[in-house]
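See below for the structure under consideration.
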Amino acid sequence: MTNLDETLWNVKTVGISGHVRPDGDCVGSTLAVYNYIKTYYPNVEVDIYLESIPNVFHFLQNADKICNESTTDKVYDVFFVLDCGDEDRLGANIKYFHTAKHTVCIDHHVSNQSFADDNYIIPDASSTCELVFDLMDANKITKEIAECIYTGMVHDTGVFQYSCTSAKTMNIAGQMMEKGIDYSKIVDETFYKKTYQQNRILGQALLDSKLYLEGRCILTYLTKAQMKAFACTPKELDGIVNQLRVTKGTDVAVFLYENEDGTYKVSLRANGDFNVAEIACFFGGGGHVKAAGCTMEGQIEDIIQSLLDVIHKKINVL
Ligand code: 5GP
Ligand code: MN
């Protein structure tokens, strides 16, 4: 695809969605496109569908317009899928993708098989927000759209730190700063600030963490009962795996939390050359080389053992 304005030519209805358990890049990129359409295409009917988003992103323009339920049976002229590597990750919103007249996917997951009609997939990009910027007319990016784009970039780059950060990333971030956004506040309020409960559960997760494979793997998990005791929901556990990853000497960090149905959500982070996308893919998930995830079933001890077996094999071949 060439750009958003061309895609929106003669279009009357648009649906937008991203991946399940939306993160900063997913929320930022979907809202950036939503706000662009709302601002410059007032006659287009546009809906945005995402699961419940973390509270820290509520300040973004039109975050309150996000539909958490996929109850309508609308058929859209164009349906945008953002920051989503495959159809399964669309969750309940897959139905809009299947019925839409035209589908567009904008994404940076290396595993993305270009599953839409129109695809803009750049695995080297830091974030989907960076790609959304590419497809917008830069002059038409309002301060509010810039806030969405900047937020997504901050979250997928770990505040412009991870190796996915490029000179181009910084250049786009600079252009967003020039739109008048409060960049320090965005970084502080959405990335670093945690509630008291979040800090306490992070502390518990770190206390319970264990080193495996001669200290090259660090792993911890939280059960449903612990999350209840600390009054935290899954969307408030962001950042725990990042804190594990900065443990000196480790190649890989693993964080698991129990889902409502007893399965476990697994988050993986890599240091150095370790590739966690391979581990996640092995267990039916996906992601990036240095940040990936999957969902696993079974007793927690068995899940941990299965993960360690696969990680062990990969560590040996490094
Ligand atoms: P996180 O650990 O923050 O949930 O996810 C890290 C990265 O892995 C993100 O890019 C996310 O999209 C991807 N990811 C996490 N869980 C899954 C999963 O179950 N399936 C797939 N395909 N990707 C995942
Ligand atoms: Mn992303």
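Going by the structure tokens order, chains are called A, B, ..., each with residues numbered from 1, while ligands are numbered from 1 in the order shown.
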
Could you pull the residues within 7 Å of A:Phe80, counting only C-alpha atoms, minus those fewer than 3 positions along the same chain, as a VMD selection string?
chain A and resid 15 to 17 103 to 105

For the residues in the current selection, export N, CA and C atoms as an mmCIF file, in the first residue's frame.
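For reference, selection.cif as written:
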data_model
loop_
_atom_site.group_PDB
_atom_site.id
_atom_site.type_symbol
_atom_site.label_atom_id
_atom_site.label_comp_id
_atom_site.auth_asym_id
_atom_site.auth_seq_id
_atom_site.Cartn_x
_atom_site.Cartn_y
_atom_site.Cartn_z
ATOM 1 N N GLY A 15 -13.379 -0.048 9.772
ATOM 2 C CA GLY A 15 -13.196 -0.689 11.081
ATOM 3 C C GLY A 15 -11.696 -0.780 11.340
ATOM 4 N N ILE A 16 -11.315 -0.675 12.608
ATOM 5 C CA ILE A 16 -9.893 -0.739 12.969
ATOM 6 C C ILE A 16 -9.748 -1.683 14.156
ATOM 7 N N SER A 17 -8.734 -2.540 14.107
ATOM 8 C CA SER A 17 -8.452 -3.370 15.280
ATOM 9 C C SER A 17 -6.965 -3.680 15.369
ATOM 10 N N THR A 103 -9.262 -5.497 3.185
ATOM 11 C CA THR A 103 -8.518 -5.528 4.459
ATOM 12 C C THR A 103 -7.097 -5.006 4.266
ATOM 13 N N VAL A 104 -6.617 -4.323 5.305
ATOM 14 C CA VAL A 104 -5.276 -3.725 5.272
ATOM 15 C C VAL A 104 -4.541 -4.118 6.547
ATOM 16 N N CYS A 105 -3.332 -4.617 6.401
ATOM 17 C CA CYS A 105 -2.548 -4.959 7.586
ATOM 18 C C CYS A 105 -1.265 -4.122 7.617
#

Taking only C-alpha atoms and all ligand atoms into account, which residues have an atom no farther than 8 Å from ligand 2? I'd like them as a list in words.
Asp23, Gly24, Asp25, Cys26, Asp83, Cys84, Asp107, His108, His109, Ser126, Ser127, Thr128, Cys129, Gly152 and Asp156 of chain A

Taking only C-alpha atoms and all ligand atoms into account, which residues have an atom no farther than 8 Å from ligand 1? I'd like them as a PyMOL selection string.
chain A and resi 19+21+23+83-86+88-89+109+111+238+241+265-269+277+280-281+284-288+291-295

Skipping near chain neighbours, those fewer than 5 positions away, what residues fall within 10 Å of A:Met1 using only C-alpha atoms, listed as number ranges by chain?
A: 6-7, 104-106, 117-121, 135

Name the residues of stretch 60-241 of chain A that fall into strand (DSSP E or B) according to DSSP on the backbone, using the chain letters and numbers of this document, as a PyMOL selection string.
chain A and resi 67+78-82+102-107+118-121+210-212+217-222

Kindly indicate which residue among A:Asn93, A:Asn43, A:Asn199, A:Gln226 lies nearest to A:Cys67, using only C-alpha atoms for the distances.
A:Asn93

Select, from A:Ile53, A:Lys179, A:Lys314, A:Val75, the residue with the minimum atom-to-atom distance to A:Glu236, counting only C-alpha atoms.
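Selected residue with least distance to A:Glu236: A:Ile53.
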
Kindly indicate which residue among A:Asp261, A:Ile240, A:Phe191, A:Arg216 lies nearest to A:Gly203, using only C-alpha atoms for the distances.
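Between A:Asp261, A:Ile240, A:Phe191, A:Arg216, the residue approaching A:Gly203 most closely is A:Ile240.
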
Please measure the separation of atom CA of A:Tyr49 and atom CA of A:Gly18, giving the value in Å to one decimal.
7.6 Å

For atom CA of A:Lys95 and atom CA of A:Gly28, the interatomic separation in Å (one decimal):
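Those two atoms sit 22.4 Å apart.
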
Residues near A:Val44, cut-off 9 Å, only C-alpha atoms, skip fewer than 5 positions along chain, as a list in words
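Skipping anything fewer than 5 positions along the chain leaves Leu8, Val11, Lys12, Thr13, Val14, Ile37 and Lys38 of chain A.
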
Would you put the residues from that selection into a file with N, CA and C atoms, as an mmCIF file, in the first residue's frame?
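And here's again20.cif as it stands now:
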data_model
loop_
_atom_site.group_PDB
_atom_site.id
_atom_site.type_symbol
_atom_site.label_atom_id
_atom_site.label_comp_id
_atom_site.auth_asym_id
_atom_site.auth_seq_id
_atom_site.Cartn_x
_atom_site.Cartn_y
_atom_site.Cartn_z
ATOM 1 N N LEU A 8 -8.197 5.429 1.703
ATOM 2 C CA LEU A 8 -9.498 5.922 2.171
ATOM 3 C C LEU A 8 -10.332 6.567 1.058
ATOM 4 N N VAL A 11 -14.162 5.640 0.371
ATOM 5 C CA VAL A 11 -14.549 4.678 1.393
ATOM 6 C C VAL A 11 -15.574 5.322 2.331
ATOM 7 N N LYS A 12 -16.596 4.557 2.724
ATOM 8 C CA LYS A 12 -17.635 5.132 3.595
ATOM 9 C C LYS A 12 -17.586 4.589 5.017
ATOM 10 N N THR A 13 -17.189 3.320 5.149
ATOM 11 C CA THR A 13 -17.127 2.747 6.503
ATOM 12 C C THR A 13 -15.775 2.075 6.738
ATOM 13 N N VAL A 14 -15.230 2.316 7.925
ATOM 14 C CA VAL A 14 -13.914 1.763 8.273
ATOM 15 C C VAL A 14 -13.973 1.122 9.657
ATOM 16 N N ILE A 37 -8.550 9.573 10.643
ATOM 17 C CA ILE A 37 -9.799 9.477 9.867
ATOM 18 C C ILE A 37 -10.850 10.435 10.442
ATOM 19 N N LYS A 38 -10.978 10.437 11.761
ATOM 20 C CA LYS A 38 -11.956 11.331 12.415
ATOM 21 C C LYS A 38 -11.683 12.804 12.068
#

Applying 8 Å and only C-alpha atoms, which residues near A:Tyr264 remain after dropping the ones on its own chain fewer than 3 positions away? List them as a list in words.
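Final neighbour list, sorted by chain and number: Leu256, Tyr257, Glu258, Asn259, Thr295, Met296, Glu297 and Ile300 of chain A.
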
Counting only C-alpha atoms, figure out which residue out of A:Ala116, A:Val56, A:Leu50, A:Leu90 gets nearest to A:Asn68.
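Closest candidate: A:Leu50.
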